[in-house]
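The file protein09.csv contains CSV, C-alpha atoms and all ligand atoms:
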chain,number,residue,atom,x,y,z
Z,7,MET,CA,49.3,-15.7,102.9
Z,8,THR,CA,52.1,-14.0,104.9
Z,9,ASP,CA,52.7,-10.2,104.8
Z,10,SER,CA,56.0,-10.6,102.9
Z,11,ALA,CA,54.2,-12.6,100.2
Z,12,VAL,CA,51.8,-9.8,99.7
Z,13,VAL,CA,54.6,-7.3,99.3
Z,14,ALA,CA,56.2,-9.5,96.6
Z,15,SER,CA,52.9,-9.6,94.6
Z,16,PRO,CA,53.1,-7.8,91.2
Z,17,ALA,CA,50.7,-4.9,91.9
Z,18,ALA,CA,51.0,-1.3,90.7
Z,19,HIS,CA,52.7,0.1,93.7
Z,20,VAL,CA,54.1,-2.0,96.5
Z,21,ALA,CA,55.4,-0.5,99.7
Z,22,GLU,CA,58.9,-1.2,100.9
Z,23,LEU,CA,58.9,-3.6,103.7
Z,24,ILE,CA,60.6,-2.4,106.9
Z,25,ASP,CA,62.2,-5.6,108.2
Z,26,GLY,CA,62.1,-5.5,112.0
Z,27,LYS,CA,63.3,-9.0,112.3
Z,28,ALA,CA,66.5,-8.2,110.4
Z,29,MET,CA,67.0,-4.9,112.2
Z,30,ALA,CA,66.5,-6.5,115.6
Z,31,ALA,CA,69.2,-9.2,114.7
Z,32,THR,CA,71.6,-6.4,113.8
Z,33,ILE,CA,70.9,-4.6,117.1
Z,34,ARG,CA,71.4,-7.8,119.1
Z,35,GLY,CA,74.7,-8.3,117.3
Z,36,GLU,CA,75.8,-4.8,118.2
Z,37,LEU,CA,74.8,-5.3,121.8
Z,38,ARG,CA,76.6,-8.6,122.0
Z,39,ALA,CA,79.8,-6.9,120.9
Z,40,THR,CA,79.2,-4.2,123.6
Z,41,VAL,CA,78.6,-6.8,126.3
Z,42,GLN,CA,81.7,-8.8,125.2
Z,43,THR,CA,83.8,-5.7,125.9
Z,44,MET,CA,82.1,-5.2,129.3
Z,45,LEU,CA,82.7,-8.8,130.2
Z,46,VAL,CA,86.5,-8.4,129.5
Z,47,ASN,CA,86.3,-5.6,132.1
Z,48,GLY,CA,84.5,-7.8,134.6
Z,49,THR,CA,80.9,-6.4,134.2
Z,50,ARG,CA,78.0,-8.6,133.1
Z,51,PRO,CA,74.6,-6.9,132.8
Z,52,GLY,CA,71.8,-8.7,134.6
Z,53,LEU,CA,68.0,-8.8,133.9
Z,54,ALA,CA,65.4,-10.1,136.4
Z,55,VAL,CA,62.1,-11.2,134.9
Z,56,ALA,CA,58.9,-12.1,136.8
Z,57,LEU,CA,56.2,-14.1,135.1
Z,58,ILE,CA,53.1,-14.4,137.2
Z,59,GLY,CA,50.2,-16.6,136.3
Z,60,GLU,CA,49.5,-18.9,133.3
Z,61,ASP,CA,48.9,-16.5,130.4
Z,62,PRO,CA,50.4,-18.4,127.4
Z,63,ALA,CA,51.2,-15.3,125.4
Z,64,SER,CA,53.1,-13.8,128.4
Z,65,ALA,CA,55.1,-17.1,128.7
Z,66,VAL,CA,56.0,-16.9,125.0
Z,67,TYR,CA,57.2,-13.2,125.4
Z,68,VAL,CA,59.2,-14.0,128.5
Z,69,GLY,CA,60.8,-17.0,126.7
Z,70,GLY,CA,61.9,-14.7,123.9
Z,71,LYS,CA,63.4,-12.3,126.3
Z,72,ILE,CA,65.4,-14.9,128.2
Z,73,LYS,CA,66.6,-16.3,124.8
Z,74,ALA,CA,67.8,-12.9,123.7
Z,75,CYS,CA,69.7,-12.4,127.0
Z,76,LYS,CA,71.5,-15.7,126.4
Z,77,GLU,CA,72.4,-14.7,122.9
Z,78,ILE,CA,73.8,-11.3,124.0
Z,79,GLY,CA,75.6,-12.4,127.2
Z,80,ILE,CA,73.2,-10.8,129.7
Z,81,GLN,CA,72.7,-12.7,132.9
Z,82,SER,CA,69.0,-13.5,133.3
Z,83,ILE,CA,67.1,-14.4,136.5
Z,84,GLU,CA,63.6,-15.7,136.0
Z,85,ALA,CA,60.9,-16.0,138.7
Z,86,ARG,CA,57.8,-17.9,137.7
Z,87,LEU,CA,55.0,-17.4,140.3
Z,88,PRO,CA,51.5,-18.8,140.4
Z,89,ALA,CA,48.4,-16.6,139.7
Z,90,THR,CA,47.6,-16.9,143.5
Z,91,THR,CA,50.7,-14.7,144.3
Z,92,THR,CA,49.7,-11.6,146.3
Z,93,THR,CA,50.7,-8.0,145.6
Z,94,ALA,CA,52.7,-8.0,148.8
Z,95,GLU,CA,54.7,-11.0,147.7
Z,96,VAL,CA,55.5,-9.4,144.3
Z,97,LEU,CA,56.5,-6.2,146.0
Z,98,ALA,CA,58.8,-8.2,148.3
Z,99,LEU,CA,60.4,-9.8,145.3
Z,100,ILE,CA,61.0,-6.4,143.6
Z,101,ASP,CA,62.5,-5.1,146.8
Z,102,THR,CA,65.0,-8.0,146.8
Z,103,TRP,CA,65.9,-7.3,143.1
Z,104,ASN,CA,66.1,-3.5,143.8
Z,105,ALA,CA,68.7,-4.2,146.5
Z,106,ASP,CA,70.6,-6.8,144.4
Z,107,ASP,CA,73.7,-5.2,142.8
Z,108,SER,CA,74.0,-7.9,140.1
Z,109,VAL,CA,70.5,-7.0,138.8
Z,110,ASP,CA,70.5,-4.0,136.4
Z,111,GLY,CA,67.0,-4.4,134.9
Z,112,ILE,CA,63.7,-5.5,136.4
Z,113,LEU,CA,60.8,-6.6,134.3
Z,114,VAL,CA,57.4,-7.7,135.5
Z,115,GLN,CA,55.6,-9.2,132.5
Z,116,LEU,CA,52.2,-7.6,131.9
Z,117,PRO,CA,49.2,-8.1,132.0
Z,118,LEU,CA,49.2,-9.4,135.6
Z,119,PRO,CA,46.5,-11.8,136.8
Z,120,ARG,CA,43.4,-10.1,138.2
Z,121,GLY,CA,43.6,-9.0,141.8
Z,122,LEU,CA,47.2,-7.8,141.6
Z,123,ASP,CA,47.9,-4.1,141.8
Z,124,THR,CA,49.8,-3.4,138.6
Z,125,GLN,CA,50.3,0.3,139.4
Z,126,ALA,CA,51.8,-0.4,142.8
Z,127,ILE,CA,54.0,-3.1,141.4
Z,128,VAL,CA,55.3,-1.0,138.5
Z,129,ALA,CA,55.9,1.9,140.9
Z,130,ARG,CA,58.0,-0.2,143.2
Z,131,ILE,CA,60.7,-0.9,140.6
Z,132,SER,CA,63.7,1.3,141.1
Z,133,PRO,CA,63.8,4.0,138.3
Z,134,GLU,CA,67.4,3.1,137.5
Z,135,LYS,CA,66.3,-0.6,136.9
Z,136,ASP,CA,63.0,0.2,135.2
Z,137,VAL,CA,64.0,-1.3,131.8
Z,138,ASP,CA,60.3,-1.3,130.6
Z,139,GLY,CA,60.3,2.5,131.2
Z,140,PHE,CA,56.7,2.4,132.5
Z,141,GLY,CA,57.4,4.1,135.9
Z,142,ALA,CA,56.5,7.7,136.6
Z,143,ASP,CA,60.1,8.8,136.8
Z,144,ASN,CA,61.1,7.5,133.4
Z,145,LEU,CA,57.9,8.6,131.7
Z,146,GLY,CA,58.3,12.0,133.3
Z,147,ARG,CA,61.8,12.3,132.0
Z,148,LEU,CA,60.5,11.5,128.5
Z,149,ALA,CA,57.8,14.1,128.9
Z,150,GLN,CA,60.5,16.6,129.8
Z,151,GLY,CA,62.4,15.7,126.7
Z,152,LYS,CA,65.2,14.2,128.7
Z,153,PRO,CA,64.7,10.4,128.3
Z,154,ARG,CA,66.6,7.9,130.3
Z,155,LEU,CA,65.0,4.4,130.0
Z,156,VAL,CA,62.3,4.5,127.4
Z,157,ALA,CA,59.4,2.0,126.9
Z,158,CYS,CA,60.8,-0.7,124.6
Z,159,THR,CA,58.1,-0.9,121.9
Z,160,PRO,CA,57.9,2.9,121.1
Z,161,TRP,CA,61.7,3.1,121.3
Z,162,GLY,CA,61.9,0.2,118.9
Z,163,VAL,CA,59.6,2.0,116.5
Z,164,MET,CA,61.9,5.1,116.6
Z,165,GLU,CA,64.9,2.9,116.0
Z,166,MET,CA,63.2,1.3,113.0
Z,167,LEU,CA,62.3,4.8,111.6
Z,168,LYS,CA,65.9,5.8,112.1
Z,169,ARG,CA,67.5,2.7,110.5
Z,170,TRP,CA,65.1,2.6,107.6
Z,171,GLY,CA,64.9,6.4,107.2
Z,172,GLN,CA,68.5,7.4,107.2
Z,173,PRO,CA,69.5,5.7,104.0
Z,174,HIS,CA,66.3,7.0,102.4
Z,175,GLY,CA,66.7,10.6,103.5
Z,176,TRP,CA,63.5,10.3,105.5
Z,177,THR,CA,63.1,11.6,109.1
Z,178,PRO,CA,60.0,12.2,111.3
Z,179,ALA,CA,61.0,15.9,111.6
Z,180,GLY,CA,58.2,18.2,110.3
Z,181,LYS,CA,56.0,15.2,109.3
Z,182,ARG,CA,52.4,14.9,110.2
Z,183,ALA,CA,52.4,11.8,112.5
Z,184,VAL,CA,49.3,10.1,113.7
Z,185,VAL,CA,49.6,7.8,116.7
Z,186,ILE,CA,46.6,5.5,117.2
Z,187,GLY,CA,46.4,4.5,120.9
Z,188,ARG,CA,47.2,6.4,124.1
Z,189,SER,CA,48.3,3.6,126.5
Z,190,ILE,CA,51.1,4.3,129.0
Z,191,THR,CA,53.1,1.4,127.5
Z,192,VAL,CA,52.9,2.3,123.7
Z,193,GLY,CA,50.8,5.2,122.4
Z,194,ARG,CA,51.7,7.9,124.9
Z,195,PRO,CA,55.4,7.4,125.0
Z,196,MET,CA,55.3,6.9,121.2
Z,197,ALA,CA,53.7,10.4,120.8
Z,198,LEU,CA,56.3,11.9,123.1
Z,199,LEU,CA,59.2,10.4,121.2
Z,200,LEU,CA,57.9,11.6,117.9
Z,201,LEU,CA,57.4,15.1,119.4
Z,202,GLY,CA,61.0,14.9,120.5
Z,203,ALA,CA,61.9,14.1,116.9
Z,204,ASP,CA,60.1,17.3,115.7
Z,205,ALA,CA,57.1,15.5,114.2
Z,206,THR,CA,53.7,17.3,114.3
Z,207,VAL,CA,51.8,14.7,116.4
Z,208,THR,CA,48.1,13.8,116.5
Z,209,ILE,CA,47.1,11.2,119.1
Z,210,CYS,CA,43.9,9.3,118.3
Z,211,HIS,CA,42.2,6.9,120.7
Z,212,SER,CA,38.9,5.1,121.3
Z,213,ARG,CA,37.0,8.4,121.7
Z,214,THR,CA,38.4,10.0,118.5
Z,215,ALA,CA,35.4,11.1,116.4
Z,216,ASP,CA,36.9,10.7,112.9
Z,217,LEU,CA,39.9,8.4,112.8
Z,218,GLU,CA,39.7,8.0,109.1
Z,219,SER,CA,40.2,11.7,108.3
Z,220,ALA,CA,43.1,11.9,110.8
Z,221,VAL,CA,44.9,8.9,109.1
Z,222,ARG,CA,44.2,10.4,105.6
Z,223,GLN,CA,46.2,13.5,106.6
Z,224,ALA,CA,49.1,11.5,108.0
Z,225,GLU,CA,52.6,11.1,106.5
Z,226,LEU,CA,53.5,8.7,109.3
Z,227,VAL,CA,51.0,6.3,111.0
Z,228,VAL,CA,51.8,4.3,114.1
Z,229,ALA,CA,48.9,2.0,114.8
Z,230,ALA,CA,48.7,0.7,118.4
Z,231,ALA,CA,45.0,0.3,119.1
Z,232,GLY,CA,44.8,-3.4,119.6
Z,233,GLN,CA,41.9,-3.6,117.0
Z,234,ARG,CA,42.5,-6.0,114.1
Z,235,HIS,CA,42.6,-4.3,110.7
Z,236,LEU,CA,41.3,-1.0,112.2
Z,237,VAL,CA,43.3,1.0,109.7
Z,238,LYS,CA,41.9,0.5,106.2
Z,239,GLY,CA,44.2,0.5,103.1
Z,240,GLU,CA,42.3,3.3,101.4
Z,241,TRP,CA,42.9,5.6,104.3
Z,242,ILE,CA,46.7,5.6,103.7
Z,243,GLN,CA,48.0,8.4,101.6
Z,244,GLU,CA,50.6,7.6,98.9
Z,245,GLY,CA,54.0,8.1,100.4
Z,246,THR,CA,53.0,7.5,104.0
Z,247,VAL,CA,55.2,5.4,106.3
Z,248,VAL,CA,53.1,2.9,108.2
Z,249,ILE,CA,54.2,1.2,111.5
Z,250,ASP,CA,51.9,-1.5,112.8
Z,251,VAL,CA,52.3,-2.3,116.5
Z,252,GLY,CA,49.1,-4.4,116.9
Z,253,ILE,CA,49.3,-8.1,117.3
Z,254,HIS,CA,46.3,-10.4,116.9
Z,255,ARG,CA,46.4,-14.2,116.8
Z,256,GLY,CA,43.7,-15.6,114.6
Z,257,GLU,CA,41.9,-18.9,115.1
Z,258,ASP,CA,44.3,-20.4,112.6
Z,259,GLY,CA,47.2,-19.3,114.8
Z,260,LYS,CA,48.4,-16.7,112.3
Z,261,LEU,CA,49.4,-13.2,113.5
Z,262,THR,CA,48.0,-10.0,112.0
Z,263,GLY,CA,48.1,-6.3,112.9
Z,264,ASP,CA,46.0,-3.2,113.4
Z,265,VAL,CA,46.5,-2.3,109.7
Z,266,ASP,CA,44.8,-4.0,106.8
Z,267,PHE,CA,48.2,-4.9,105.4
Z,268,ALA,CA,47.5,-6.0,101.8
Z,269,PRO,CA,45.6,-2.8,100.6
Z,270,ALA,CA,47.8,-0.5,102.8
Z,271,SER,CA,50.9,-1.9,101.2
Z,272,GLN,CA,49.6,-0.9,97.8
Z,273,ARG,CA,49.7,2.8,98.8
Z,274,ALA,CA,52.2,3.3,101.6
Z,275,ARG,CA,55.8,4.2,100.9
Z,276,ALA,CA,57.0,1.8,103.5
Z,277,ILE,CA,55.3,-0.5,106.0
Z,278,THR,CA,56.1,-3.0,108.8
Z,279,PRO,CA,54.8,-6.5,108.6
Z,280,VAL,CA,53.1,-8.5,111.4
Z,281,PRO,CA,54.8,-10.7,112.4
Z,282,GLY,CA,58.4,-9.7,111.8
Z,283,GLY,CA,58.0,-5.9,112.3
Z,284,VAL,CA,57.8,-4.2,115.6
Z,285,GLY,CA,57.7,-7.3,117.8
Z,286,PRO,CA,61.3,-8.4,117.4
Z,287,MET,CA,62.4,-4.7,117.9
Z,288,THR,CA,60.7,-4.6,121.3
Z,289,ILE,CA,62.8,-7.4,122.6
Z,290,ALA,CA,66.0,-5.9,121.1
Z,291,MET,CA,65.3,-2.6,122.8
Z,292,LEU,CA,64.7,-4.3,126.1
Z,293,MET,CA,68.2,-5.8,125.8
Z,294,ALA,CA,69.5,-2.3,124.9
Z,295,ASN,CA,67.8,-0.8,127.9
Z,296,THR,CA,69.3,-3.5,130.2
Z,297,VAL,CA,72.8,-2.8,128.9
Z,298,SER,CA,72.2,0.9,129.2
Z,299,ALA,CA,70.9,0.6,132.7
Z,300,CYS,CA,74.0,-1.4,133.6
Z,301,ARG,CA,76.3,1.2,132.2
Z,302,GLN,CA,74.5,4.1,133.9
Z,303,ARG,CA,74.3,2.3,137.3
Z,304,ARG,CA,78.0,1.3,137.2
Z,305,GLY,CA,79.3,4.6,135.9
Z,306,LEU,CA,80.5,3.2,132.6
Z,307,GLY,CA,79.0,6.0,130.5
Z,308,VAL,CA,76.1,5.6,128.0
Q,1,LIG,P1,45.8,-0.9,125.2
Q,1,LIG,O1,44.5,-1.7,125.1
Q,1,LIG,O2,46.4,-0.6,126.5
Q,1,LIG,O3,45.5,0.5,124.5
Q,1,LIG,C1,44.9,0.6,123.3
Q,1,LIG,C2,44.7,2.0,122.9
Q,1,LIG,O4,44.1,2.1,121.7
Q,1,LIG,C3,43.8,2.8,123.9
Q,1,LIG,O5,44.5,4.0,124.2
Q,1,LIG,C4,42.5,3.1,123.1
Q,1,LIG,O6,42.0,4.3,123.4
Q,1,LIG,C5,43.0,3.0,121.7
Q,1,LIG,N1,41.9,2.4,120.9
Q,1,LIG,C6,41.2,1.3,121.0
Q,1,LIG,N2,40.2,1.2,120.1
Q,1,LIG,C7,40.4,2.2,119.2
Q,1,LIG,C8,39.8,2.7,118.1
Q,1,LIG,N3,38.7,2.0,117.5
Q,1,LIG,N4,40.2,3.8,117.5
Q,1,LIG,C9,41.2,4.5,118.0
Q,1,LIG,N5,41.9,4.1,119.1
Q,1,LIG,C10,41.5,3.0,119.7
Q,1,LIG,O7,46.8,-1.6,124.3
Q,1,LIG,P2,48.4,-1.5,124.1
Q,1,LIG,O8,49.1,-2.3,125.2
Q,1,LIG,O9,48.8,-0.1,123.9
Q,1,LIG,O10,48.7,-2.4,122.8
Q,1,LIG,C11,48.1,-2.0,121.6
Q,1,LIG,C12,48.4,-3.1,120.6
Q,1,LIG,O11,49.8,-3.3,120.4
Q,1,LIG,C13,47.9,-4.5,121.0
Q,1,LIG,O12,47.5,-5.2,119.8
Q,1,LIG,C14,49.1,-5.2,121.6
Q,1,LIG,O13,49.0,-6.6,121.5
Q,1,LIG,C15,50.2,-4.6,120.7
Q,1,LIG,N6,51.5,-4.6,121.3
Q,1,LIG,C16,52.5,-5.0,120.5
Q,1,LIG,C17,53.8,-4.9,121.0
Q,1,LIG,C18,54.9,-5.4,120.1
Q,1,LIG,O14,56.0,-5.6,120.6
Q,1,LIG,N7,54.7,-5.5,118.8
Q,1,LIG,C19,54.1,-4.4,122.3
Q,1,LIG,C20,53.0,-3.9,123.0
Q,1,LIG,C21,51.7,-4.0,122.5

Spell out the structure here as structure tokens.
Ligand code: NAD
Amino acid sequence: MTDSAVVASPAAHVAELIDGKAMAATIRGELRATVQTMLVNGTRPGLAVALIGEDPASAVYVGGKIKACKEIGIQSIEARLPATTTTAEVLALIDTWNADDSVDGILVQLPLPRGLDTQAIVARISPEKDVDGFGADNLGRLAQGKPRLVACTPWGVMEMLKRWGQPHGWTPAGKRAVVIGRSITVGRPMALLLLGADATVTICHSRTADLESAVRQAELVVAAAGQRHLVKGEWIQEGTVVIDVGIHRGEDGKLTGDVDFAPASQRARAITPVPGGVGPMTIAMLMANTVSACRQRRGLGV
């Protein structure tokens, strides 16, 4: 059964579905219009993507990113390198892209094959071209409350909350928000963004003693732990907004999230499905970051 089928079932209370797929399509349309205008003025944003090794999930993610570039009018450059590539070789490639004026954004698809120095590779990307927002400069700016390029997944979550929340009169301001996960790529920047939006933020992680009671207090839950169905439906307070970042592929090939969707959707005010929730938003925000990096680098205003 898909998530959307569960939402349509005739139970007592059923959460509103926050449709990330539709929102992402809208954002891509908006970006396409922006890029069309930029093209008229002779500017085409460019994104360079490195895919290293044979991880099938990474290949799928990179494929989706290249496809989105084509749809929007962003020039994409793709480097597919074998798992035997050395850190020095990846650093040399990044140096080339850092120096290439037609490249506005640089993305190295993570996770990298074992043996490669992820930290050194991420740190080598010029902060102006760091469209994943994982580098110290961009994370530091976010921590200072002056974000420039923000990690795509948490930024996508903020955009979903904004686009769903505005017509419902809902904002994160003043809400008790629980972020589950503290990774550099999702949990940590997510918490900083919510803090910047005036939520009262609790960050839970693998050493949190009582996750259940934290979630029971929450008016907003963002689950990014990478543990299938970690968040039980009965933990969700009525009226809570639930954002599920987790992605797990079952043996049957079906995708599920960190939240036990069916029971949670009987209690939540609104919930994101997996698939069709946060995932498409991540790609849309990567495109937005690339356009924004281009405008900033070329002095076109943000
Ligand atoms: P990660 O493994 O780097 O971090 C997981 C975090 O969750 C850690 O901080 C850990 O402390 C915490 N955690 C683990 N078990 C926990 C538990 N039992 N209770 C509380 N906290 C716990 O993972 P990540 O890269 O942050 O990704 C998290 C999930 O989000 C994964 O399922 C990943 O596939 C998914 N993801 C989805 C998208 C998307 O576009 N939808 C993007 C990135 C990641």

Contacts of segment 291-297 of chain Z within 7 Å, all atoms listed in the file, excl. fewer than 4 positions in-chain, as a PyMOL selection string: chain Z and resi 37+51+53+75+110-111+137-138+155+158+161-162+287+301

Near-ligand residues for ligand LIG 1 (chain Q), threshold 8 Å, all atoms listed in the file, as a count of residues only: 37

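Atom to atom, atom CA of Ile83 of chain Z and atom CA of Val308 of chain Z stand 23.5 Å apart.
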
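Nearest-residue note for Ala30 of chain Z: choosing from Z:Ala290, Z:Ala126, Z:Pro119, Z:Lys71, the minimum distance belongs to Z:Ala290, counting all atoms listed in the file.
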
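If all atoms listed in the file are the atoms counted, then among Z:Val55, Z:Leu45, Z:Leu87, Z:Val156 the closest residue to Val109 of chain Z is Z:Val55.
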